[in-house]
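Visitor: Hey, dropping query-v5.csv in here, CSV, C-alpha atoms:
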```csv
chain,number,residue,atom,x,y,z
A,1,MET,CA,-10.4,2.2,26.1
A,2,ALA,CA,-8.0,3.0,23.4
A,3,ASP,CA,-9.2,3.2,19.8
A,4,PRO,CA,-8.9,-0.2,18.0
A,5,ARG,CA,-6.0,-0.5,15.6
A,6,VAL,CA,-7.0,-0.1,11.9
A,7,LEU,CA,-5.7,-2.8,9.5
A,8,VAL,CA,-5.9,-3.2,5.8
A,9,ILE,CA,-5.3,-6.8,4.7
A,10,THR,CA,-5.4,-8.0,1.1
A,11,GLY,CA,-6.6,-11.3,-0.2
A,12,THR,CA,-8.9,-12.0,2.8
A,13,ARG,CA,-11.4,-14.3,1.3
A,14,LYS,CA,-9.5,-17.5,2.0
A,15,GLY,CA,-6.1,-19.0,3.1
A,16,ILE,CA,-3.7,-17.0,5.2
A,17,GLY,CA,-5.5,-13.7,4.6
A,18,ARG,CA,-8.7,-15.1,5.9
A,19,HIS,CA,-6.9,-16.5,9.0
A,20,LEU,CA,-5.2,-13.1,9.7
A,21,THR,CA,-8.5,-11.3,9.3
A,22,GLU,CA,-10.3,-13.6,11.8
A,23,TYR,CA,-7.3,-13.3,14.2
A,24,TYR,CA,-7.1,-9.5,14.2
A,25,CYS,CA,-10.8,-9.0,14.4
A,26,GLY,CA,-10.9,-11.5,17.2
A,27,ILE,CA,-8.4,-9.5,19.3
A,28,GLY,CA,-10.3,-6.3,18.9
A,29,ASP,CA,-8.8,-4.7,15.8
A,30,ALA,CA,-10.8,-3.1,12.9
A,31,VAL,CA,-10.0,-4.8,9.6
A,32,VAL,CA,-10.7,-3.6,6.0
A,33,GLY,CA,-10.1,-6.5,3.6
A,34,CYS,CA,-10.4,-7.2,0.0
A,35,SER,CA,-10.5,-9.9,-2.6
A,36,ARG,CA,-11.7,-10.4,-6.1
A,37,GLU,CA,-14.7,-12.3,-5.0
A,38,ALA,CA,-17.3,-11.5,-2.2
A,39,SER,CA,-16.4,-12.8,1.2
A,40,ASP,CA,-18.7,-15.1,3.1
A,41,TRP,CA,-17.3,-14.0,6.4
A,42,ARG,CA,-19.1,-11.4,8.6
A,43,HIS,CA,-17.9,-9.7,11.7
A,44,PRO,CA,-18.8,-6.3,13.2
A,45,SER,CA,-15.2,-5.2,12.9
A,46,TYR,CA,-14.8,-6.3,9.3
A,47,VAL,CA,-15.5,-4.4,6.1
A,48,HIS,CA,-15.0,-6.2,2.8
A,49,HIS,CA,-14.2,-4.6,-0.6
A,50,ARG,CA,-14.5,-6.6,-3.7
A,51,LEU,CA,-11.7,-5.6,-6.0
A,52,ASP,CA,-8.6,-6.6,-8.0
A,53,VAL,CA,-5.5,-5.4,-6.2
A,54,THR,CA,-4.1,-4.0,-9.5
A,55,ALA,CA,-7.2,-1.8,-10.2
A,56,GLU,CA,-5.9,1.6,-9.2
A,57,ALA,CA,-9.2,3.5,-9.0
A,58,ASP,CA,-10.8,0.7,-6.9
A,59,VAL,CA,-7.8,0.6,-4.5
A,60,LYS,CA,-7.9,4.3,-4.1
A,61,LYS,CA,-11.6,4.0,-3.2
A,62,LEU,CA,-10.8,1.4,-0.5
A,63,PHE,CA,-8.3,3.8,1.1
A,64,LEU,CA,-10.8,6.7,0.8
A,65,ASP,CA,-13.3,4.5,2.7
A,66,VAL,CA,-10.6,3.7,5.4
A,67,SER,CA,-9.9,7.5,5.7
A,68,ARG,CA,-13.6,8.3,6.1
A,69,ARG,CA,-14.4,5.5,8.6
A,70,PHE,CA,-11.3,5.8,10.8
A,71,GLY,CA,-9.3,8.9,9.8
A,72,ARG,CA,-6.1,6.8,9.9
A,73,LEU,CA,-4.5,3.5,9.1
A,74,ASP,CA,-2.1,1.7,11.4
A,75,VAL,CA,-1.2,-1.6,9.6
A,76,LEU,CA,-1.2,-2.9,6.0
A,77,ILE,CA,-0.7,-6.6,5.4
A,78,ASN,CA,0.0,-7.3,1.7
A,79,ASN,CA,-1.0,-10.9,1.6
A,80,ALA,CA,-2.8,-11.2,-1.7
A,81,GLY,CA,-0.8,-13.3,-4.2
A,82,VAL,CA,-1.1,-15.8,-6.9
A,83,ALA,CA,1.3,-18.7,-7.7
A,84,SER,CA,1.9,-20.7,-10.9
A,85,MET,CA,4.2,-23.7,-10.9
A,86,ASN,CA,5.6,-24.4,-14.4
A,87,HIS,CA,8.8,-24.9,-16.3
A,88,CYS,CA,9.9,-21.6,-17.8
A,89,LEU,CA,9.7,-23.1,-21.3
A,90,LEU,CA,6.0,-23.8,-20.7
A,91,THR,CA,5.0,-20.5,-19.0
A,92,PRO,CA,2.6,-18.4,-21.0
A,93,LEU,CA,3.4,-14.7,-21.1
A,94,ALA,CA,-0.1,-13.9,-19.9
A,95,THR,CA,0.5,-16.1,-16.8
A,96,ALA,CA,3.8,-14.3,-16.1
A,97,ARG,CA,2.1,-10.9,-16.5
A,98,LYS,CA,-0.7,-11.9,-14.1
A,99,LEU,CA,1.8,-12.8,-11.4
A,100,VAL,CA,3.8,-9.6,-11.9
A,101,ASP,CA,0.6,-7.6,-11.7
A,102,THR,CA,-0.9,-9.2,-8.6
A,103,ASN,CA,2.2,-10.1,-6.6
A,104,PHE,CA,4.4,-7.1,-7.3
A,105,LEU,CA,2.3,-4.2,-8.7
A,106,GLY,CA,-0.6,-4.9,-6.4
A,107,THR,CA,1.8,-4.8,-3.4
A,108,PHE,CA,3.3,-1.6,-4.7
A,109,LEU,CA,0.0,0.1,-5.2
A,110,PHE,CA,-1.3,-0.9,-1.7
A,111,CYS,CA,2.0,0.3,-0.1
A,112,ARG,CA,1.8,3.6,-1.9
A,113,GLU,CA,-1.8,4.4,-1.0
A,114,ALA,CA,-1.4,3.1,2.6
A,115,ALA,CA,1.7,5.2,3.2
A,116,LYS,CA,-0.2,8.3,2.1
A,117,LEU,CA,-2.7,7.7,4.9
A,118,MET,CA,-0.2,6.5,7.5
A,119,GLN,CA,2.1,9.5,7.2
A,120,ARG,CA,-0.7,11.7,8.5
A,121,LYS,CA,-0.2,10.3,11.9
A,122,SER,CA,3.5,9.7,11.4
A,123,PHE,CA,3.0,6.1,12.2
A,124,GLY,CA,2.5,2.9,10.1
A,125,ARG,CA,3.5,-0.7,9.8
A,126,ILE,CA,3.6,-2.4,6.4
A,127,VAL,CA,4.1,-6.1,6.2
A,128,ASN,CA,4.6,-7.6,2.7
A,129,PHE,CA,4.7,-11.3,1.7
A,130,ALA,CA,7.8,-12.8,0.3
A,131,THR,CA,8.6,-16.5,-0.1
A,132,VAL,CA,11.3,-19.1,0.7
A,133,ALA,CA,11.1,-20.0,-3.1
A,134,THR,CA,13.2,-16.9,-3.8
A,135,LYS,CA,16.0,-17.9,-1.4
A,136,LEU,CA,15.9,-21.5,-2.5
A,137,ASN,CA,15.8,-20.7,-6.3
A,138,LEU,CA,13.1,-23.3,-6.7
A,139,GLU,CA,12.8,-24.9,-10.1
A,140,GLY,CA,9.4,-24.5,-11.6
A,141,GLU,CA,8.7,-21.2,-9.7
A,142,ALA,CA,10.8,-18.8,-11.8
A,143,ILE,CA,8.2,-16.2,-12.2
A,144,TYR,CA,6.6,-16.6,-8.8
A,145,ALA,CA,10.0,-16.4,-7.0
A,146,ALA,CA,11.0,-13.4,-9.2
A,147,THR,CA,7.9,-11.4,-8.4
A,148,LYS,CA,8.6,-12.0,-4.7
A,149,ALA,CA,12.2,-11.1,-5.2
A,150,ALA,CA,10.9,-7.8,-6.5
A,151,VAL,CA,8.7,-7.5,-3.4
A,152,GLU,CA,11.8,-7.9,-1.3
A,153,SER,CA,13.6,-5.1,-3.1
A,154,LEU,CA,10.5,-3.0,-2.8
A,155,THR,CA,10.3,-3.7,0.9
A,156,ARG,CA,14.0,-2.7,1.5
A,157,ILE,CA,13.8,0.5,-0.5
A,158,LEU,CA,10.4,1.7,0.8
A,159,ALA,CA,11.8,1.1,4.3
A,160,ARG,CA,14.3,3.8,3.6
A,161,GLU,CA,11.9,6.1,1.8
A,162,LEU,CA,9.2,5.9,4.4
A,163,ALA,CA,11.3,5.9,7.5
A,164,PRO,CA,11.1,9.7,7.9
A,165,CYS,CA,7.3,9.2,7.9
A,166,GLY,CA,7.4,6.9,10.9
A,167,ILE,CA,6.4,3.9,8.7
A,168,THR,CA,8.3,0.6,8.9
A,169,VAL,CA,8.2,-1.8,5.9
A,170,ASN,CA,9.1,-5.5,6.4
A,171,ALA,CA,8.3,-8.9,4.9
A,172,VAL,CA,7.6,-12.4,6.1
A,173,ALA,CA,8.6,-15.2,3.8
A,174,PRO,CA,6.6,-18.3,4.6
A,175,THR,CA,7.4,-21.9,3.8
A,176,PRO,CA,4.7,-24.0,2.3
A,177,VAL,CA,1.4,-23.7,4.3
A,178,GLN,CA,-1.5,-26.0,3.4
A,179,THR,CA,-3.6,-23.5,1.4
A,180,ASP,CA,-5.0,-23.2,-2.1
A,181,LEU,CA,-1.8,-21.6,-3.2
A,182,ILE,CA,0.1,-24.9,-3.2
A,183,ARG,CA,-2.9,-27.1,-4.0
A,184,THR,CA,-1.6,-28.1,-7.4
A,185,VAL,CA,2.0,-28.6,-6.5
A,186,PRO,CA,2.9,-32.3,-6.5
A,187,GLN,CA,3.4,-33.9,-3.1
A,188,GLU,CA,7.0,-35.0,-3.7
A,189,LYS,CA,8.0,-31.4,-4.7
A,190,ILE,CA,6.6,-30.1,-1.4
A,191,GLU,CA,8.3,-32.9,0.5
A,192,ALA,CA,11.6,-32.1,-1.2
A,193,LEU,CA,11.2,-28.4,-0.4
A,194,ILE,CA,10.4,-29.1,3.3
A,195,ALA,CA,13.5,-31.3,3.4
A,196,ARG,CA,15.6,-28.2,2.7
A,197,GLN,CA,14.3,-26.4,5.8
A,198,ALA,CA,16.2,-26.5,9.0
A,199,ILE,CA,12.9,-27.3,10.8
A,200,ARG,CA,11.2,-29.9,8.6
A,201,ARG,CA,7.5,-29.4,8.8
A,202,PHE,CA,4.7,-27.5,7.0
A,203,GLY,CA,4.3,-23.9,8.0
A,204,GLU,CA,1.3,-23.1,10.0
A,205,PHE,CA,-0.8,-20.0,10.3
A,206,ARG,CA,0.5,-19.3,13.8
A,207,ASP,CA,4.1,-19.2,12.4
A,208,ILE,CA,3.1,-16.4,10.1
A,209,VAL,CA,1.0,-14.4,12.6
A,210,ASN,CA,3.9,-14.6,15.1
A,211,VAL,CA,6.2,-12.7,12.7
A,212,VAL,CA,3.5,-10.3,11.6
A,213,ASP,CA,2.7,-9.5,15.3
A,214,PHE,CA,6.4,-8.9,15.9
A,215,PHE,CA,6.7,-6.5,12.9
A,216,VAL,CA,3.5,-4.5,13.8
A,217,ARG,CA,4.0,-4.0,17.5
A,218,PRO,CA,4.8,-0.5,18.6
A,219,GLU,CA,8.1,-1.6,20.1
A,220,SER,CA,9.3,-2.7,16.6
A,221,ASP,CA,9.9,0.9,15.5
A,222,PHE,CA,13.6,0.2,15.0
A,223,VAL,CA,12.9,-2.8,12.8
A,224,THR,CA,12.5,-2.0,9.1
A,225,GLY,CA,13.6,-3.3,5.7
A,226,GLN,CA,13.8,-6.9,7.0
A,227,VAL,CA,12.7,-10.1,5.4
A,228,ILE,CA,12.2,-13.0,7.8
A,229,TYR,CA,12.3,-16.5,6.3
A,230,LEU,CA,10.4,-19.2,8.2
A,231,GLY,CA,11.5,-22.7,8.8
A,232,GLY,CA,15.2,-22.0,9.1
A,233,ILE,CA,15.8,-21.0,5.5
A,234,ALA,CA,18.7,-18.6,5.5
B,1,MET,CA,-21.3,13.7,7.0
B,2,PRO,CA,-21.4,17.2,5.5
B,3,GLU,CA,-22.3,17.7,1.9
B,4,PRO,CA,-19.2,17.7,-0.3
B,5,ARG,CA,-18.2,21.2,-1.5
B,6,ALA,CA,-18.6,22.3,-5.2
B,7,ILE,CA,-15.5,21.7,-7.2
B,8,ASN,CA,-14.3,24.8,-9.0
B,9,GLN,CA,-11.2,26.8,-9.4
B,10,ASP,CA,-11.7,28.8,-6.2
B,11,SER,CA,-12.5,25.9,-4.0
B,12,VAL,CA,-9.7,23.8,-5.4
B,13,ARG,CA,-7.2,26.7,-5.0
B,14,GLN,CA,-8.4,27.2,-1.4
B,15,VAL,CA,-7.7,23.5,-0.6
B,16,LEU,CA,-4.2,24.0,-2.1
B,17,PHE,CA,-3.8,27.1,0.1
B,18,ASP,CA,-4.9,25.0,3.2
B,19,THR,CA,-2.3,22.4,2.1
B,20,ILE,CA,0.4,25.1,1.8
B,21,GLU,CA,-0.4,26.2,5.3
B,22,GLU,CA,0.0,22.7,6.6
B,23,ILE,CA,3.4,22.3,4.8
B,24,ASN,CA,4.5,25.7,5.9
B,25,GLU,CA,4.4,24.5,9.5
B,26,THR,CA,7.3,22.2,8.7
B,27,LEU,CA,9.4,24.9,6.9
B,28,PRO,CA,11.7,27.5,8.3
B,29,ASP,CA,10.5,31.1,8.1
B,30,ASP,CA,12.6,32.1,5.2
B,31,ARG,CA,11.3,29.1,3.1
B,32,LYS,CA,7.6,29.4,3.7
B,33,LEU,CA,5.4,29.4,0.7
B,34,LYS,CA,3.1,32.3,0.0
B,35,LYS,CA,-0.6,31.6,-0.5
B,36,GLN,CA,-0.7,33.2,-3.9
B,37,SER,CA,-1.8,32.0,-7.4
B,38,GLU,CA,1.7,32.6,-8.9
B,39,THR,CA,3.7,30.9,-6.1
B,40,ARG,CA,6.3,28.5,-7.5
B,41,LEU,CA,6.1,25.0,-6.1
B,42,PHE,CA,8.6,23.2,-8.3
B,43,GLY,CA,11.9,24.1,-9.9
B,44,ARG,CA,14.7,26.6,-9.0
B,45,ASP,CA,12.4,29.4,-7.9
B,46,SER,CA,10.6,27.2,-5.4
B,47,SER,CA,11.5,27.1,-1.8
B,48,LEU,CA,10.5,23.5,-1.6
B,49,ASP,CA,13.1,20.7,-1.9
B,50,SER,CA,12.2,17.5,-3.7
B,51,LEU,CA,10.8,15.8,-0.5
B,52,GLY,CA,8.9,18.9,0.3
B,53,LEU,CA,7.2,18.8,-3.0
B,54,VAL,CA,6.4,15.1,-2.5
B,55,ASN,CA,4.8,16.0,0.9
B,56,LEU,CA,2.8,18.8,-0.6
B,57,ILE,CA,1.4,16.6,-3.4
B,58,VAL,CA,0.5,13.8,-1.0
B,59,ALA,CA,-1.1,16.2,1.5
B,60,PHE,CA,-3.0,18.0,-1.3
B,61,GLU,CA,-4.3,14.6,-2.7
B,62,GLN,CA,-5.5,13.6,0.8
B,63,ARG,CA,-7.2,17.0,1.3
B,64,LEU,CA,-9.0,16.7,-2.0
B,65,ALA,CA,-10.2,13.3,-0.9
B,66,ASP,CA,-11.5,14.6,2.4
B,67,GLU,CA,-13.1,17.8,1.0
B,68,PHE,CA,-14.6,16.6,-2.2
B,69,GLY,CA,-14.5,12.8,-1.9
B,70,LEU,CA,-12.2,12.7,-4.9
B,71,ALA,CA,-10.0,9.6,-5.4
B,72,LEU,CA,-7.4,11.2,-7.7
B,73,THR,CA,-3.8,10.2,-8.3
B,74,LEU,CA,-2.1,13.6,-8.8
B,75,ALA,CA,1.3,12.2,-9.7
B,76,ASP,CA,0.1,10.2,-12.7
B,77,GLU,CA,1.9,9.5,-15.9
B,78,LYS,CA,0.5,12.5,-17.7
B,79,ALA,CA,1.7,14.8,-15.0
B,80,LEU,CA,5.2,13.4,-15.0
B,81,SER,CA,5.6,13.3,-18.7
B,82,ARG,CA,4.5,16.8,-19.6
B,83,LYS,CA,7.2,19.2,-20.7
B,84,SER,CA,5.9,21.8,-18.4
B,85,SER,CA,5.1,20.3,-15.0
B,86,PRO,CA,1.6,20.9,-13.7
B,87,PHE,CA,3.1,21.1,-10.2
B,88,ARG,CA,5.1,24.2,-11.1
B,89,SER,CA,2.8,26.8,-9.5
B,90,VAL,CA,-0.4,27.1,-7.5
B,91,ASP,CA,-2.3,28.1,-10.6
B,92,SER,CA,-1.0,25.3,-12.8
B,93,PHE,CA,-1.6,22.7,-10.1
B,94,THR,CA,-5.1,24.0,-9.5
B,95,ASN,CA,-5.9,23.8,-13.2
B,96,TYR,CA,-4.4,20.3,-13.4
B,97,VAL,CA,-6.7,19.1,-10.7
B,98,LEU,CA,-9.7,20.5,-12.5
B,99,GLU,CA,-8.5,18.8,-15.7
B,100,LEU,CA,-8.3,15.4,-13.8
B,101,VAL,CA,-11.7,15.9,-12.3
B,102,GLU,CA,-13.2,16.6,-15.7
B,103,GLN,CA,-11.6,13.5,-17.2
B,104,SER,CA,-12.8,11.3,-14.3
B,105,GLY,CA,-16.3,12.6,-14.6
B,106,SER,CA,-16.4,13.5,-10.9
B,107,GLY,CA,-17.1,17.2,-11.4
```
The structure in this file should be written as C-alpha cells.
Guide:
Amino acid sequence: MADPRVLVITGTRKGIGRHLTEYYCGIGDAVVGCSREASDWRHPSYVHHRLDVTAEADVKKLFLDVSRRFGRLDVLINNAGVASMNHCLLTPLATARKLVDTNFLGTFLFCREAAKLMQRKSFGRIVNFATVATKLNLEGEAIYAATKAAVESLTRILARELAPCGITVNAVAPTPVQTDLIRTVPQEKIEALIARQAIRRFGEFRDIVNVVDFFVRPESDFVTGQVIYLGGIA
Amino acid sequence: MPEPRAINQDSVRQVLFDTIEEINETLPDDRKLKKQSETRLFGRDSSLDSLGLVNLIVAFEQRLADEFGLALTLADEKALSRKSSPFRSVDSFTNYVLELVEQSGSG
C-alpha cells in the first residue's frame, strides 16, 4: 500500500479545521494539526501541536516534528483564522493587529515553512483560506476582509515563486458556514449576505472539502494561484 | 533515532559542505561550488544566482534540522540587515550559524 499523504492543517480544534482533520484522517491520511488550545479529539493518524500560528519558534518545531516523523509534507491547509465584525471607527488597533497577525502573518509563516519541507520532494499542495467578504466589500468587516485580501495576494505570488519547486498554492473563499467564526454576527446581516450569493444557502463543510480535494489531487498540478469563491460570488 | 552530533565549527562546516554537494548536482560543471572555507556564496564572485542562494540557504537549514535537531531561521532580520552578509562565504555562514545556536541556547 502506498504511504499515506501527510497533511498539516491549522486551527484544528473546532469548526472547519476540525471537520477537515476528521475527514482526512478518516480517508487514511496522516494529519498534524494545531491550535492555541489542546484538542479533545484523538485518532491514531492525528498529532496535535498546541501553538499560536504566529509564534515562529513553535511553528518551526511543528515542521521539525513533521520532518522527523514522515520525512516529507504533501499538503498544507491554512485554515486558522479569526474574525471581528465592527465598524472601522470602533475597531481597536489591538484587534486589527491580532487579525493581521493570525490571518495573514500566520498563513505566511506556515506557507514558508511548509514549502521548505515540500520542495525536498519537489511536490506540494498549499490551500489558503480567503473569504467572500473581500469580494463583497462587506461593511463591518474591513480589517477581516483586508487580511484575507492580503492572503489572496500572497497566494498568487507564492504560486509563482513556488511553481519551480512543484508546489501549487491556491485558496478557497467560503461563504458563511455555521461555525464559531460568525457566531456573533447578527442574523439579518448573515441573511443579507446570503442574499447576494447566486446560490442562496449557508455554506457547508462538504462545499469546502470539495474545493480543497480538487486543489490537492495530483491531477491539479496545472492549477495554481487561483481563488475559488463559493456560492456563486464572482 | 541516532544521538544528535556535537555542534561546533567543524561539524557545522561539514553540514554546509554536504549541502553544497547537494546543490552542485543542480549546477553545470563550470559553476559548481568548491567545498572550501573561503568559497564565495553570495555576490559577484559567487557562481550561485539569487535562486541558487535561496536553495542553498533552505537546504542548509533543513540539514541543520536533520543533523542537530536545530529549528533555526537562517534568513532572519539580523542576517538580512548586516552590512556584510553572513551568507557571503562558507566560513562566514558557518560562523553565523554558530552565533545563532549560541543565542538560541541550543548549543
Visitor: Compile the residues of chain B that lie within 9 Å of chain A, evaluated using all atoms listed in the file, and express the compilation as a PyMOL selection string.
Guide: chain B and resi 58-59+61-62+65-66+69-73
Visitor: Keeping C-alpha atoms for every residue in the selection just given, could you write it to a file as a PDB file, keeping the file's coordinate frame?
Guide:
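The result, stored in part-v7.pdb:
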```
ATOM      1  CA  VAL B  58       0.500  13.800  -1.000  1.00  0.00           C
ATOM      2  CA  ALA B  59      -1.100  16.200   1.500  1.00  0.00           C
ATOM      3  CA  GLU B  61      -4.300  14.600  -2.700  1.00  0.00           C
ATOM      4  CA  GLN B  62      -5.500  13.600   0.800  1.00  0.00           C
ATOM      5  CA  ALA B  65     -10.200  13.300  -0.900  1.00  0.00           C
ATOM      6  CA  ASP B  66     -11.500  14.600   2.400  1.00  0.00           C
ATOM      7  CA  GLY B  69     -14.500  12.800  -1.900  1.00  0.00           C
ATOM      8  CA  LEU B  70     -12.200  12.700  -4.900  1.00  0.00           C
ATOM      9  CA  ALA B  71     -10.000   9.600  -5.400  1.00  0.00           C
ATOM     10  CA  LEU B  72      -7.400  11.200  -7.700  1.00  0.00           C
ATOM     11  CA  THR B  73      -3.800  10.200  -8.300  1.00  0.00           C
TER      12      THR B  73
END
```
Visitor: Any idea what the distance is between atom CA of A:Leu230 and atom CA of A:Phe129?
Guide: 11.7 Å
Visitor: Could you check how far atom CA of B:Asn95 sits from atom CA of B:Ile57, in Å to one decimal?
Guide: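 Between atom CA of B:Asn95 and atom CA of B:Ile57 the gap works out to 14.2 Å.
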Visitor: Which residues are near B:Ser11? Cut-off 12 Å, only C-alpha atoms, ignore same chain within fewer than 3 positions. Put them as a list in words.
Guide: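 Close residues of B:Ser11: Pro4, Arg5, Ala6, Ile7, Asn8, Gln14, Val15, Leu16, Phe17, Asp18, Arg63, Leu64, Glu67, Phe68, Thr94, Asn95, Val97 and Leu98 of chain B.
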Visitor: I'd like the interatomic distance between atom CA of A:Ile228 and atom CA of A:Ala171, to a tenth of an Å.
Guide: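 Between these atoms lies a distance of 6.4 Å.
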Visitor: Compare A:Asn79, A:Ser122, A:Gln197, A:Gln178 by their minimum atom-to-atom distance to A:Val151, counting all atoms listed in the file, and give me the closest one.
Guide: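 Once distances to A:Val151 are computed over all atoms listed in the file, the minimum belongs to A:Asn79.
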Visitor: Could you list, as a compact mmCIF listing (two decimals) with C-alpha atoms, in the frame of the given file, every residue within 12 Å of A:Thr12, counting all atoms listed in the file and ignoring same-chain residues fewer than 5 positions away?
Guide:
```txt
# COMPACT_ATOMS: atom_id res chain seq x y z
CA LEU A 7 -5.70 -2.80 9.50
CA GLY A 17 -5.50 -13.70 4.60
CA ARG A 18 -8.70 -15.10 5.90
CA HIS A 19 -6.90 -16.50 9.00
CA LEU A 20 -5.20 -13.10 9.70
CA THR A 21 -8.50 -11.30 9.30
CA GLU A 22 -10.30 -13.60 11.80
CA TYR A 23 -7.30 -13.30 14.20
CA TYR A 24 -7.10 -9.50 14.20
CA VAL A 31 -10.00 -4.80 9.60
CA VAL A 32 -10.70 -3.60 6.00
CA GLY A 33 -10.10 -6.50 3.60
CA CYS A 34 -10.40 -7.20 0.00
CA SER A 35 -10.50 -9.90 -2.60
CA ARG A 36 -11.70 -10.40 -6.10
CA GLU A 37 -14.70 -12.30 -5.00
CA ALA A 38 -17.30 -11.50 -2.20
CA SER A 39 -16.40 -12.80 1.20
CA ASP A 40 -18.70 -15.10 3.10
CA TRP A 41 -17.30 -14.00 6.40
CA ARG A 42 -19.10 -11.40 8.60
CA TYR A 46 -14.80 -6.30 9.30
CA VAL A 47 -15.50 -4.40 6.10
CA HIS A 48 -15.00 -6.20 2.80
CA HIS A 49 -14.20 -4.60 -0.60
CA ARG A 50 -14.50 -6.60 -3.70
CA LEU A 51 -11.70 -5.60 -6.00
CA VAL A 53 -5.50 -5.40 -6.20
CA ILE A 77 -0.70 -6.60 5.40
CA ASN A 78 0.00 -7.30 1.70
CA ASN A 79 -1.00 -10.90 1.60
CA ALA A 80 -2.80 -11.20 -1.70
CA GLY A 81 -0.80 -13.30 -4.20
```
Visitor: Which protein, DNA or RNA residues are at most 10 Å from (-1.9, 21.9, -11.3) in the file's coordinates when you count only C-alpha atoms, listed as a compact mmCIF listing (two decimals) with C-alpha atoms, in the frame of the given file?
Guide:
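The file below, out-v4.txt, is the result:
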```txt
# COMPACT_ATOMS: atom_id res chain seq x y z
CA VAL B 12 -9.70 23.80 -5.40
CA ARG B 13 -7.20 26.70 -5.00
CA LEU B 16 -4.20 24.00 -2.10
CA LEU B 74 -2.10 13.60 -8.80
CA ALA B 79 1.70 14.80 -15.00
CA SER B 85 5.10 20.30 -15.00
CA PRO B 86 1.60 20.90 -13.70
CA PHE B 87 3.10 21.10 -10.20
CA ARG B 88 5.10 24.20 -11.10
CA SER B 89 2.80 26.80 -9.50
CA VAL B 90 -0.40 27.10 -7.50
CA ASP B 91 -2.30 28.10 -10.60
CA SER B 92 -1.00 25.30 -12.80
CA PHE B 93 -1.60 22.70 -10.10
CA THR B 94 -5.10 24.00 -9.50
CA ASN B 95 -5.90 23.80 -13.20
CA TYR B 96 -4.40 20.30 -13.40
CA VAL B 97 -6.70 19.10 -10.70
CA LEU B 98 -9.70 20.50 -12.50
CA GLU B 99 -8.50 18.80 -15.70
CA LEU B 100 -8.30 15.40 -13.80
```
Visitor: Take every atom of stretch 213-219 of chain A listed in the file, pad by 8 Å on each side, and give me the axis-aligned box centre and edge lengths in Å, one decimal, as JSON.
Guide:
```
{"center_x": 5.4, "center_y": -5.0, "center_z": 16.5, "size_x": 21.4, "size_y": 25.0, "size_z": 23.2}
```
Visitor: Would you mind telling me which residue in A:Ala159, A:Pro44, A:Asp3, A:Pro174 lies nearest to A:Phe222 when using only C-alpha atoms?
Guide: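 Closest to A:Phe222, using only C-alpha atoms: A:Ala159.
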Visitor: Within 10 Å of (3.6, 16.7, -2.1) in the file's own coordinates, which protein, DNA or RNA residues have an atom, counting all atoms listed in the file? List them as an MDAnalysis selection string.
Guide: chainID B and resid 19:20 23 41 48 50:61 74:75 87
Visitor: Nearest to A:Met85 among A:Gly166, A:Lys148, A:Glu141, A:Ile157, with distances taken over all atoms listed in the file: which residue is it?
Guide: A:Glu141
Visitor: May I have the residues within 10 Å of A:Cys88 as a ChimeraX atom specification, using only C-alpha atoms and disregarding those fewer than 6 positions away in the same chain?
Guide: /A:96,139-143
